[in-house]
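One structure is given below, encoded as structure tokens.
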Amino acid sequence: MNRSGRGLQAYAVIYLLFLYAPIILLPIFAFNSGTIIAFPLQGFSTEWFEQMWSNTTLRRALANSLTIAVSASVLATCLGIFAARASTRFAFPGKGGIMGFIMLPMVLPEIIVAMSLLVVLLGVGVQLSLLTVIAGHTLICMPYAIAVLSTAFSSLDRSLEEAAYDLGESRWGAFRLVTLPLVMPGIISALLISFTISLDEFIIAFFLAGNEPTLPTYIFSQLRFPRAIPVIMALGTVLVLISIVLLAIGEYFRRRGNARIGGSPTGGLL
Amino acid sequence: MAKFDAEARAGLSLIAPPFLYALLILAAPILTILAYSFLTDGYLEILRDFTWVNYAQVFTDPIVRTVMLRSLMVAAIVTLATVLTAFPIAYYVSFMVRPEKKAMWLFLITIPFWTSYLIRVFLWKVILGYNGVVNSSLTGLGIIDEPLTFILYNINAIVITLAHAYAPFAILPIFVALEKIDRSLLEAGRDLGESRAMTFWRVTLPLAMPGVIAATLIVFIPTIGDYVTPEVIGGGKIPMIANLIQVQMLALDNRPLGSALAVTAMVVVALVSLLFLFLNRRFLKVRQ
Amino acid sequence: MTEAMIACKGVHKYYGDYHALRGIDLTIRAGEFFSLLGPSGCGKTTLLRTIAGFEDISQGVVLIDGRDMGEVPANKRPTNMVFQSYAIFPHLTVAENVAFGLRRDPRPKADKAAAVEEALAMVGLKGYGARSAHALSGGQRQRVALARALILKPKVLLLDEPLSALDRKMREQMQVELIKLQRQVGITFVLVTHDQEEALVMSDRIAVMFEGEIAQLDGPEALYARPATRRVADFIGVMNFLPARILSESAGTVTVEVAGLGQVELPERQISRADPEDDGPMIGFRPETMTLLGPTATHSQPRETNASIDEVVYYGDMTYYDLRLDGADQLDGKARPVRISMRNVFGRDVQEVGTRTRLAWSPGSLVLFR
């Protein structure tokens with residue numbers, strides 16, 4: 001590698017450090033026995049993890065977040081399958097506009113989605129609950145699910161399904177026996193990504209959950225209290241670990257899916 | 001003719017469920033906000049009188065103007081900083097990293113994005129704060145006597161935090177654009193006697209522009225509407241437009257004015273984006 | 001005369017405003033190896049997919065084995081297809097791929113397994129059943145695709161450019177194997193190809209298509225020796241063209257003056273159609289129908305012409321000569337080089353550029369396009 005290459009490499013390493021700075025600090029403070037989040041460190045302690053485990057509000061928030069994330073990811077992925085198949089397999093009038101509109105929540109500020117939905121729900125008189133959060137999360141997870149699923153569907157040779165049909169299967173049989181198994185890795189990774197997004201989503205949960213806490217809204221409420229911060233650090237550490245594991249699994253399935261249908265290992269989400 | 005219709009029908013019936021869902025959960029609320037923004041705020045209820053008052057207030061209120069300009073400025077600085085720092089990374093991964101390692105680099109770059117946004121924002125506050133990691137380390141090492149204040153709870157801190165949060169959104173589109181460049185074009189540039197720098201300037205950069213433009217929009221549009229960062233880093237003292245909308249809608253319960261703010265914000269974002277696309281239409285044509 | 005397996009009557013196909021098939025009338029006989037040949041976009045694949053049932057037709061009738069296919073979907077038709085990409089299911093093993101169409105077959109499992117083994121043996125893949133499909137080479141995928149289709153004993157096997165993804169050696173080998181396989185199973189094969197050589201090698205009969213219409217339907221020899229139009233002649237192999245002037249006509253025989261070749265008399269069977277864009281009548285002949293003579297050589301051909309050699313292209317077994325016939329520009333003032341091919345047999349020297357030479361030929365090898 002030449003000189004400019006080495007310069008770029010050094011820059012890339014520094015940039016990664018910048019990207020990872022908060023994540024590296026997280027476990028450091030989570031295991032620090034001091035109550036103030038600052039250097040120098042006081043000593044090693046697992047106290048914050050124990051406190052976290054025994055916190056009932058936190059458990060409730062966790063249960064709520066899991067309920068929301070599972071529901072929203074399943075719904076978003078199911079809707080995403082329809083959209084991804086429609087966009088990769090069929091030409092229909094208004095396709096660009098419709099797809100653009102469905103993908104819009106990817107760039108639209110969440111505050112707009114949350115506020116407008118809130119205004120309508122209050123106007124119609126719907127009680128805020130986990131259901132309203134699920135509705136909002138499904139909307140914002142859907143574009144990500146579609147992005148992942150579209151790569152899975154579009155890398156699929158169209159004649160595979162025709163071949164199954166030609167060999168005597170029904171349309172549904174061809175889809176179930178050929179298309180579905182081949183896009184299954186994409187479906188799993190869409191589920192995981194939607195799950196991760198929903199689990200971490202704050203604004204919609206904050207405005208649409210009523211009195212029910214979720215993990216992010218719980219964290220937000222605790223950030224004001226310096227005493228509560230070490231527990232939040234512990235919680236953050238656990239969440240980061242979970243996210244990394246889920247993403248690694250998602251990535252594994254995506255690549256395995258690609259390898260199976262002979263695609264390239266790069267590409268993927270976004 | 002029949003076949004075309006059959007295909008269109010199949011496509012439309014497939015796209016119907018997600019489309020109807022988006023209509024119900026996204027389009028209907030946004031249209032409602034649009035309608036609200038022309039109504040009059042009563043004390044306990046919203047009066048069904050058409051009015052331009054809310055928009056008049058949006059455009060004359062000095063606070064609104066300050067906050068709107070601040071949001072635009074923050075978003076512009078964040079976008080500039082993010083895209084400028086992201087480009088070399090995308091370039092490095094696309095041109096310098098061996099093909100089999102590219103996926104790993106992309107994975108490394110995207111992981112931080114998937115970890116709790118709130119906690120990441122909060123940790124930047126910890127890193128940059130008065131007794132934060134940077135200041136306590138620098139004073140501890142004797143480099144400075146007093147904690148640095150220019151990185152404290154202010155716009156700079158907001159910019160750094162947002163630049164961090166949106167880094168992958170800038171890197172990935174640029175990376176994709178760079179990956180699409182036919183490597184023989186660069187060799188041709190060099191072969192025709194251009195220097196490495198001139199080849200970059202005349203071949204690589206123009207071809208990467210669509211990615212840069214996409215990155216710019218993908219970073220700019222959400223950052224202008226960011227709610228969490230001003231709330232956590234700025235402690236609510238330096239609100240951006242999202243915070244103002246929330247205050248009008250909920251704390252002050254003036255939904256028509258809040259709606260007018262939201263609609264104005266969307267229109268401003270759309271206009272800035274269109275202007276940006278218009279200025280760059282030359283680069284976008286290259287692809288076709 | 002054998003019976004008709006496939007009959008297309010007045011088949012039209014529109015995609016929006018695009019007229020892909022323009023009134024196809026076609027009969028394919030039972031047990032025949034039939035090819036649809038044409039450049040890309042000529043409608044040959046559309047016609048094949050119409051027979052398979054993947055495309056609805058806009059107008060007309062398709063009959064298979066005497067039965068109207070109008071309301072019969074692709075999965076109920078007595079046809080099976082070998083796709084251009086082979087469409088081997090990558091998540092299944094070779095045996096599972098071959099057995100795919102037997103899922104609804106009521107036979108016991110052991111019988112089906114035996115059928116799969118037999119089908120694999122037929123295509124030369126005995127013992128490959130347990131392999132996973134995505135690890136196969138191009139040629140092996142093609143064989144799996146064949147076995148998977150033939151195990152269902154269709155009345156018609158449809159092949160969509162099946163050899164285009166293979167390298168040259170493999171392609172030539174598979175051509176021969178396909179012919180043998182077709183004779184062995186006796187099923188009607190319908191092949192789509194853009195490769196004229198492939199069509200000539202494999203087919204009993206060939207339909208040449210341009211722009212959604214059949215330009216000529218004939219056996220390979222007739223197609224090569226007596227192309228029905230100048231465009232067909234141009235598409236299949238190499239043909240030289242020289243301008244001609246019609247002098248007289250009587251009882252089907254036409255006497256023409258050909259630039260560089262002089263006066264010839266041609267019977268009706270040597271007369272084909274010109275194309276609308278042609279300026280006037282043209283005479284066509286294949287490169288191998290004329291013989292280049294050494295300075296002293298004698299010959300038994302009825303006619304002889306003088307020419308000079310412009311270019312020599314040596315191919316090992318063959319040499320191509322680009323020649324200028326004396327008087328080739330006499331009719332329209334344009335110089336028209338012609339190409340002659342000579343086999344490099346022992347004792348015959350390759351001639352040099354710039355030499356004057358003699359050419360022996362027979363009027364029987366000319367075709368008039370008018």
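By order in the structure tokens, chains are A, B, ...; within a chain, residues start at 1; ligands start at 1, following the order shown.
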- Message: With 8 Å as the limit and counting only C-alpha atoms, what residues in chain A lie close to chain C? Please list them as an MDAnalysis selection string.
- Response: chainID A and resid 157 159:160 162:170 178 181:182 260:262
Give me, as an mmCIF file with N, CA and C atoms, in the first residue's frame, the residues of chain B touching chain A, with the criterion being at most 6 Å (counting only C-alpha atoms).
```cif
data_model
loop_
_atom_site.group_PDB
_atom_site.id
_atom_site.type_symbol
_atom_site.label_atom_id
_atom_site.label_comp_id
_atom_site.auth_asym_id
_atom_site.auth_seq_id
_atom_site.Cartn_x
_atom_site.Cartn_y
_atom_site.Cartn_z
ATOM 1 N N ALA B 8 -50.296 -5.810 -13.937
ATOM 2 C CA ALA B 8 -50.555 -4.612 -13.142
ATOM 3 C C ALA B 8 -51.492 -4.946 -11.992
ATOM 4 N N GLY B 11 -49.597 -6.861 -9.321
ATOM 5 C CA GLY B 11 -48.704 -5.962 -8.595
ATOM 6 C C GLY B 11 -49.478 -5.066 -7.647
ATOM 7 N N LEU B 14 -50.830 -6.884 -4.644
ATOM 8 C CA LEU B 14 -49.769 -7.203 -3.677
ATOM 9 C C LEU B 14 -49.350 -5.980 -2.876
ATOM 10 N N ILE B 15 -49.261 -4.843 -3.568
ATOM 11 C CA ILE B 15 -48.750 -3.644 -2.909
ATOM 12 C C ILE B 15 -49.832 -3.024 -2.025
ATOM 13 N N PRO B 18 -49.415 -3.050 2.263
ATOM 14 C CA PRO B 18 -48.485 -2.057 2.827
ATOM 15 C C PRO B 18 -48.854 -0.624 2.452
ATOM 16 N N PRO B 29 -52.687 10.969 8.955
ATOM 17 C CA PRO B 29 -52.271 11.914 9.996
ATOM 18 C C PRO B 29 -51.638 13.185 9.452
ATOM 19 N N ILE B 30 -50.807 13.040 8.408
ATOM 20 C CA ILE B 30 -50.153 14.244 7.889
ATOM 21 C C ILE B 30 -51.184 15.180 7.249
ATOM 22 N N ILE B 33 -52.894 16.982 10.049
ATOM 23 C CA ILE B 33 -52.081 18.101 10.527
ATOM 24 C C ILE B 33 -52.210 19.288 9.589
ATOM 25 N N ILE B 89 -13.687 7.606 4.420
ATOM 26 C CA ILE B 89 -13.924 6.246 4.912
ATOM 27 C C ILE B 89 -14.521 5.382 3.807
ATOM 28 N N ALA B 103 -17.147 -6.491 3.523
ATOM 29 C CA ALA B 103 -18.375 -6.735 4.273
ATOM 30 C C ALA B 103 -18.122 -6.541 5.763
ATOM 31 N N THR B 115 -27.015 0.531 18.170
ATOM 32 C CA THR B 115 -27.081 0.507 19.639
ATOM 33 C C THR B 115 -27.870 1.712 20.119
ATOM 34 N N SER B 116 -28.421 1.602 21.317
ATOM 35 C CA SER B 116 -29.371 2.580 21.834
ATOM 36 C C SER B 116 -28.963 4.027 21.550
ATOM 37 N N ARG B 120 -26.287 6.520 23.475
ATOM 38 C CA ARG B 120 -25.167 7.088 22.727
ATOM 39 C C ARG B 120 -25.131 8.607 22.888
ATOM 40 N N LEU B 123 -23.969 9.492 26.321
ATOM 41 C CA LEU B 123 -22.535 9.281 26.513
ATOM 42 C C LEU B 123 -21.710 10.401 25.891
ATOM 43 N N GLY B 132 -16.357 15.950 32.053
ATOM 44 C CA GLY B 132 -16.465 14.777 31.197
ATOM 45 C C GLY B 132 -15.121 14.144 30.882
ATOM 46 N N PRO B 222 -33.371 13.999 8.290
ATOM 47 C CA PRO B 222 -33.713 13.606 9.667
ATOM 48 C C PRO B 222 -33.063 14.503 10.737
ATOM 49 N N GLY B 225 -34.975 17.453 11.956
ATOM 50 C CA GLY B 225 -36.115 17.162 12.823
ATOM 51 C C GLY B 225 -35.744 16.396 14.078
#
```
Closest atom pairs, residues of chain C within 10 Å of chain B, only C-alpha atoms, as CSV:
```
residue,atom,partner,partner_atom,distance
C:Lys13,CA,B:Met1,CA,8.4
C:Tyr14,CA,B:Met1,CA,5.9
C:Tyr15,CA,B:Met1,CA,5.8
C:Gly16,CA,B:Met1,CA,5.0
C:Asp17,CA,B:Met1,CA,7.8
C:Tyr18,CA,B:Met1,CA,9.3
C:His19,CA,B:Met1,CA,10.0
C:Glu55,CA,B:Lys3,CA,7.2
C:Asp56,CA,B:Lys3,CA,6.3
C:Ile57,CA,B:Lys3,CA,8.1
C:Ser58,CA,B:Ala2,CA,6.9
```
As a PDB file with N, CA, C and O atoms, in the first residue's frame, please: every residue in range 24-58 of chain B that DSSP puts in alpha helix (DSSP H).
```pdb
ATOM      1  N   ALA B  28     -52.839   9.840   6.273  1.00  0.00           N
ATOM      2  CA  ALA B  28     -54.016  10.416   6.942  1.00  0.00           C
ATOM      3  C   ALA B  28     -53.609  11.366   8.064  1.00  0.00           C
ATOM      4  O   ALA B  28     -54.102  12.497   8.119  1.00  0.00           O
ATOM      5  N   PRO B  29     -52.687  10.969   8.955  1.00  0.00           N
ATOM      6  CA  PRO B  29     -52.271  11.914   9.996  1.00  0.00           C
ATOM      7  C   PRO B  29     -51.638  13.185   9.452  1.00  0.00           C
ATOM      8  O   PRO B  29     -51.910  14.283   9.950  1.00  0.00           O
ATOM      9  N   ILE B  30     -50.807  13.040   8.408  1.00  0.00           N
ATOM     10  CA  ILE B  30     -50.153  14.244   7.889  1.00  0.00           C
ATOM     11  C   ILE B  30     -51.184  15.180   7.249  1.00  0.00           C
ATOM     12  O   ILE B  30     -51.118  16.404   7.414  1.00  0.00           O
ATOM     13  N   LEU B  31     -52.168  14.586   6.570  1.00  0.00           N
ATOM     14  CA  LEU B  31     -53.235  15.423   6.005  1.00  0.00           C
ATOM     15  C   LEU B  31     -54.035  16.091   7.123  1.00  0.00           C
ATOM     16  O   LEU B  31     -54.455  17.245   6.993  1.00  0.00           O
ATOM     17  N   THR B  32     -54.226  15.358   8.225  1.00  0.00           N
ATOM     18  CA  THR B  32     -54.953  15.935   9.362  1.00  0.00           C
ATOM     19  C   THR B  32     -54.200  17.145   9.912  1.00  0.00           C
ATOM     20  O   THR B  32     -54.796  18.192  10.187  1.00  0.00           O
ATOM     21  N   ILE B  33     -52.894  16.982  10.049  1.00  0.00           N
ATOM     22  CA  ILE B  33     -52.081  18.101  10.527  1.00  0.00           C
ATOM     23  C   ILE B  33     -52.210  19.288   9.589  1.00  0.00           C
ATOM     24  O   ILE B  33     -52.353  20.431  10.018  1.00  0.00           O
ATOM     25  N   LEU B  34     -52.182  18.978   8.294  1.00  0.00           N
ATOM     26  CA  LEU B  34     -52.326  20.041   7.307  1.00  0.00           C
ATOM     27  C   LEU B  34     -53.654  20.764   7.515  1.00  0.00           C
ATOM     28  O   LEU B  34     -53.719  21.999   7.506  1.00  0.00           O
ATOM     29  N   ALA B  35     -54.716  20.005   7.743  1.00  0.00           N
ATOM     30  CA  ALA B  35     -56.031  20.616   7.980  1.00  0.00           C
ATOM     31  C   ALA B  35     -56.014  21.422   9.274  1.00  0.00           C
ATOM     32  O   ALA B  35     -56.474  22.570   9.309  1.00  0.00           O
ATOM     33  N   TYR B  36     -55.465  20.850  10.332  1.00  0.00           N
ATOM     34  CA  TYR B  36     -55.400  21.536  11.631  1.00  0.00           C
ATOM     35  C   TYR B  36     -54.697  22.878  11.517  1.00  0.00           C
ATOM     36  O   TYR B  36     -55.054  23.833  12.189  1.00  0.00           O
ATOM     37  N   VAL B  53     -53.907  32.570  10.466  1.00  0.00           N
ATOM     38  CA  VAL B  53     -53.259  33.130  11.651  1.00  0.00           C
ATOM     39  C   VAL B  53     -52.044  32.317  12.091  1.00  0.00           C
ATOM     40  O   VAL B  53     -50.989  32.869  12.403  1.00  0.00           O
ATOM     41  N   ASN B  54     -52.195  30.986  12.081  1.00  0.00           N
ATOM     42  CA  ASN B  54     -51.093  30.153  12.552  1.00  0.00           C
ATOM     43  C   ASN B  54     -49.837  30.359  11.714  1.00  0.00           C
ATOM     44  O   ASN B  54     -48.739  30.466  12.243  1.00  0.00           O
ATOM     45  N   TYR B  55     -50.054  30.429  10.394  1.00  0.00           N
ATOM     46  CA  TYR B  55     -48.892  30.615   9.527  1.00  0.00           C
ATOM     47  C   TYR B  55     -48.314  32.007   9.704  1.00  0.00           C
ATOM     48  O   TYR B  55     -47.105  32.206   9.672  1.00  0.00           O
ATOM     49  N   ALA B  56     -49.226  32.987   9.890  1.00  0.00           N
ATOM     50  CA  ALA B  56     -48.749  34.350  10.135  1.00  0.00           C
ATOM     51  C   ALA B  56     -47.840  34.354  11.358  1.00  0.00           C
ATOM     52  O   ALA B  56     -46.760  34.945  11.367  1.00  0.00           O
ATOM     53  N   GLN B  57     -48.277  33.635  12.393  1.00  0.00           N
ATOM     54  CA  GLN B  57     -47.484  33.592  13.618  1.00  0.00           C
ATOM     55  C   GLN B  57     -46.145  32.883  13.393  1.00  0.00           C
ATOM     56  O   GLN B  57     -45.110  33.339  13.870  1.00  0.00           O
ATOM     57  N   VAL B  58     -46.202  31.790  12.637  1.00  0.00           N
ATOM     58  CA  VAL B  58     -44.970  31.042  12.360  1.00  0.00           C
ATOM     59  C   VAL B  58     -43.944  31.941  11.678  1.00  0.00           C
ATOM     60  O   VAL B  58     -42.759  31.909  12.000  1.00  0.00           O
TER      61      VAL B  58
END
```
Contacts of Ala209 in chain A at 10 Å (only C-alpha atoms; same-chain gap of 5+ positions) as a short mmCIF file (atom, residue, chain, number, x, y, z; two decimals) with all heavy atoms, in the first residue's frame:
```cif
data_model
loop_
_atom_site.label_atom_id
_atom_site.label_comp_id
_atom_site.auth_asym_id
_atom_site.auth_seq_id
_atom_site.Cartn_x
_atom_site.Cartn_y
_atom_site.Cartn_z
N ASN A 64 -42.76 -4.62 28.08
CA ASN A 64 -43.47 -3.81 27.08
C ASN A 64 -42.68 -3.70 25.79
O ASN A 64 -43.22 -3.87 24.69
CB ASN A 64 -43.70 -2.39 27.63
CG ASN A 64 -44.83 -2.36 28.65
OD1 ASN A 64 -45.63 -3.30 28.72
ND2 ASN A 64 -44.86 -1.31 29.46
N GLN A 127 -57.55 5.35 22.88
CA GLN A 127 -56.74 5.31 24.09
C GLN A 127 -55.29 4.97 23.71
O GLN A 127 -55.04 4.04 22.97
CB GLN A 127 -57.31 4.21 25.02
CG GLN A 127 -56.75 4.23 26.41
CD GLN A 127 -57.29 5.42 27.20
OE1 GLN A 127 -58.47 5.76 27.09
NE2 GLN A 127 -56.43 6.05 27.98
N LEU A 128 -54.32 5.77 24.22
CA LEU A 128 -52.92 5.46 23.95
C LEU A 128 -52.54 4.20 24.71
O LEU A 128 -52.88 4.03 25.87
CB LEU A 128 -52.03 6.62 24.38
CG LEU A 128 -52.22 7.92 23.60
CD1 LEU A 128 -51.27 8.98 24.12
CD2 LEU A 128 -52.00 7.69 22.12
N SER A 129 -51.82 3.31 24.04
CA SER A 129 -51.44 2.06 24.69
C SER A 129 -50.28 1.46 23.91
O SER A 129 -49.75 2.09 22.98
CB SER A 129 -52.62 1.09 24.66
OG SER A 129 -52.88 0.72 23.33
N LEU A 130 -49.92 0.25 24.26
CA LEU A 130 -48.87 -0.43 23.51
C LEU A 130 -49.28 -0.59 22.05
O LEU A 130 -48.44 -0.55 21.14
CB LEU A 130 -48.59 -1.80 24.12
CG LEU A 130 -48.02 -1.81 25.54
CD1 LEU A 130 -47.62 -3.21 25.94
CD2 LEU A 130 -46.82 -0.87 25.65
N LEU A 131 -50.60 -0.77 21.82
CA LEU A 131 -51.07 -0.98 20.46
C LEU A 131 -50.74 0.21 19.56
O LEU A 131 -50.34 0.05 18.40
CB LEU A 131 -52.59 -1.21 20.45
CG LEU A 131 -53.04 -2.57 20.95
CD1 LEU A 131 -54.56 -2.65 20.96
CD2 LEU A 131 -52.46 -3.67 20.07
N THR A 132 -50.92 1.42 20.12
CA THR A 132 -50.64 2.61 19.30
C THR A 132 -49.15 2.68 18.98
O THR A 132 -48.76 3.09 17.88
CB THR A 132 -51.12 3.89 20.01
OG1 THR A 132 -50.71 3.84 21.38
CG2 THR A 132 -52.63 4.00 19.95
N VAL A 133 -48.31 2.28 19.93
CA VAL A 133 -46.86 2.26 19.66
C VAL A 133 -46.56 1.23 18.56
O VAL A 133 -45.77 1.50 17.64
CB VAL A 133 -46.05 1.93 20.93
CG1 VAL A 133 -44.56 2.00 20.63
CG2 VAL A 133 -46.40 2.90 22.04
N ILE A 134 -47.19 0.06 18.68
CA ILE A 134 -46.96 -0.99 17.67
C ILE A 134 -47.32 -0.47 16.29
O ILE A 134 -46.57 -0.66 15.31
CB ILE A 134 -47.77 -2.26 18.01
CG1 ILE A 134 -47.21 -2.90 19.28
CG2 ILE A 134 -47.75 -3.25 16.86
CD1 ILE A 134 -48.05 -4.02 19.84
N ILE A 203 -38.90 8.16 20.19
CA ILE A 203 -39.86 9.26 20.06
C ILE A 203 -41.30 8.77 19.98
O ILE A 203 -42.18 9.24 20.70
CB ILE A 203 -39.49 10.13 18.84
CG1 ILE A 203 -38.16 10.83 19.16
CG2 ILE A 203 -40.57 11.15 18.55
CD1 ILE A 203 -37.62 11.64 18.04
N ILE A 204 -41.55 7.80 19.09
CA ILE A 204 -42.92 7.31 18.95
C ILE A 204 -43.38 6.66 20.26
O ILE A 204 -44.50 6.89 20.72
CB ILE A 204 -43.00 6.32 17.76
CG1 ILE A 204 -42.87 7.13 16.45
CG2 ILE A 204 -44.28 5.53 17.78
CD1 ILE A 204 -42.72 6.29 15.22
N THR A 214 -41.43 2.04 28.09
CA THR A 214 -40.66 1.09 27.28
C THR A 214 -39.21 1.32 27.68
O THR A 214 -38.91 2.28 28.40
CB THR A 214 -40.82 1.35 25.77
OG1 THR A 214 -40.19 2.59 25.45
CG2 THR A 214 -42.27 1.39 25.36
N THR A 217 -37.97 4.91 26.77
CA THR A 217 -38.60 5.98 27.54
C THR A 217 -38.19 5.88 29.01
O THR A 217 -38.03 6.90 29.68
CB THR A 217 -40.14 5.97 27.42
OG1 THR A 217 -40.62 4.70 27.85
CG2 THR A 217 -40.57 6.23 26.00
#
```
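The space separating CA of Val78 in chain B from CA of Val159 in chain B comes to 5.4 Å.
Minimum atom-to-atom distance to Ser154 in chain A, evaluated using only C-alpha atoms, belongs to A:Val183 out of A:Ala61, A:Leu246, A:Val183, A:Ala72.
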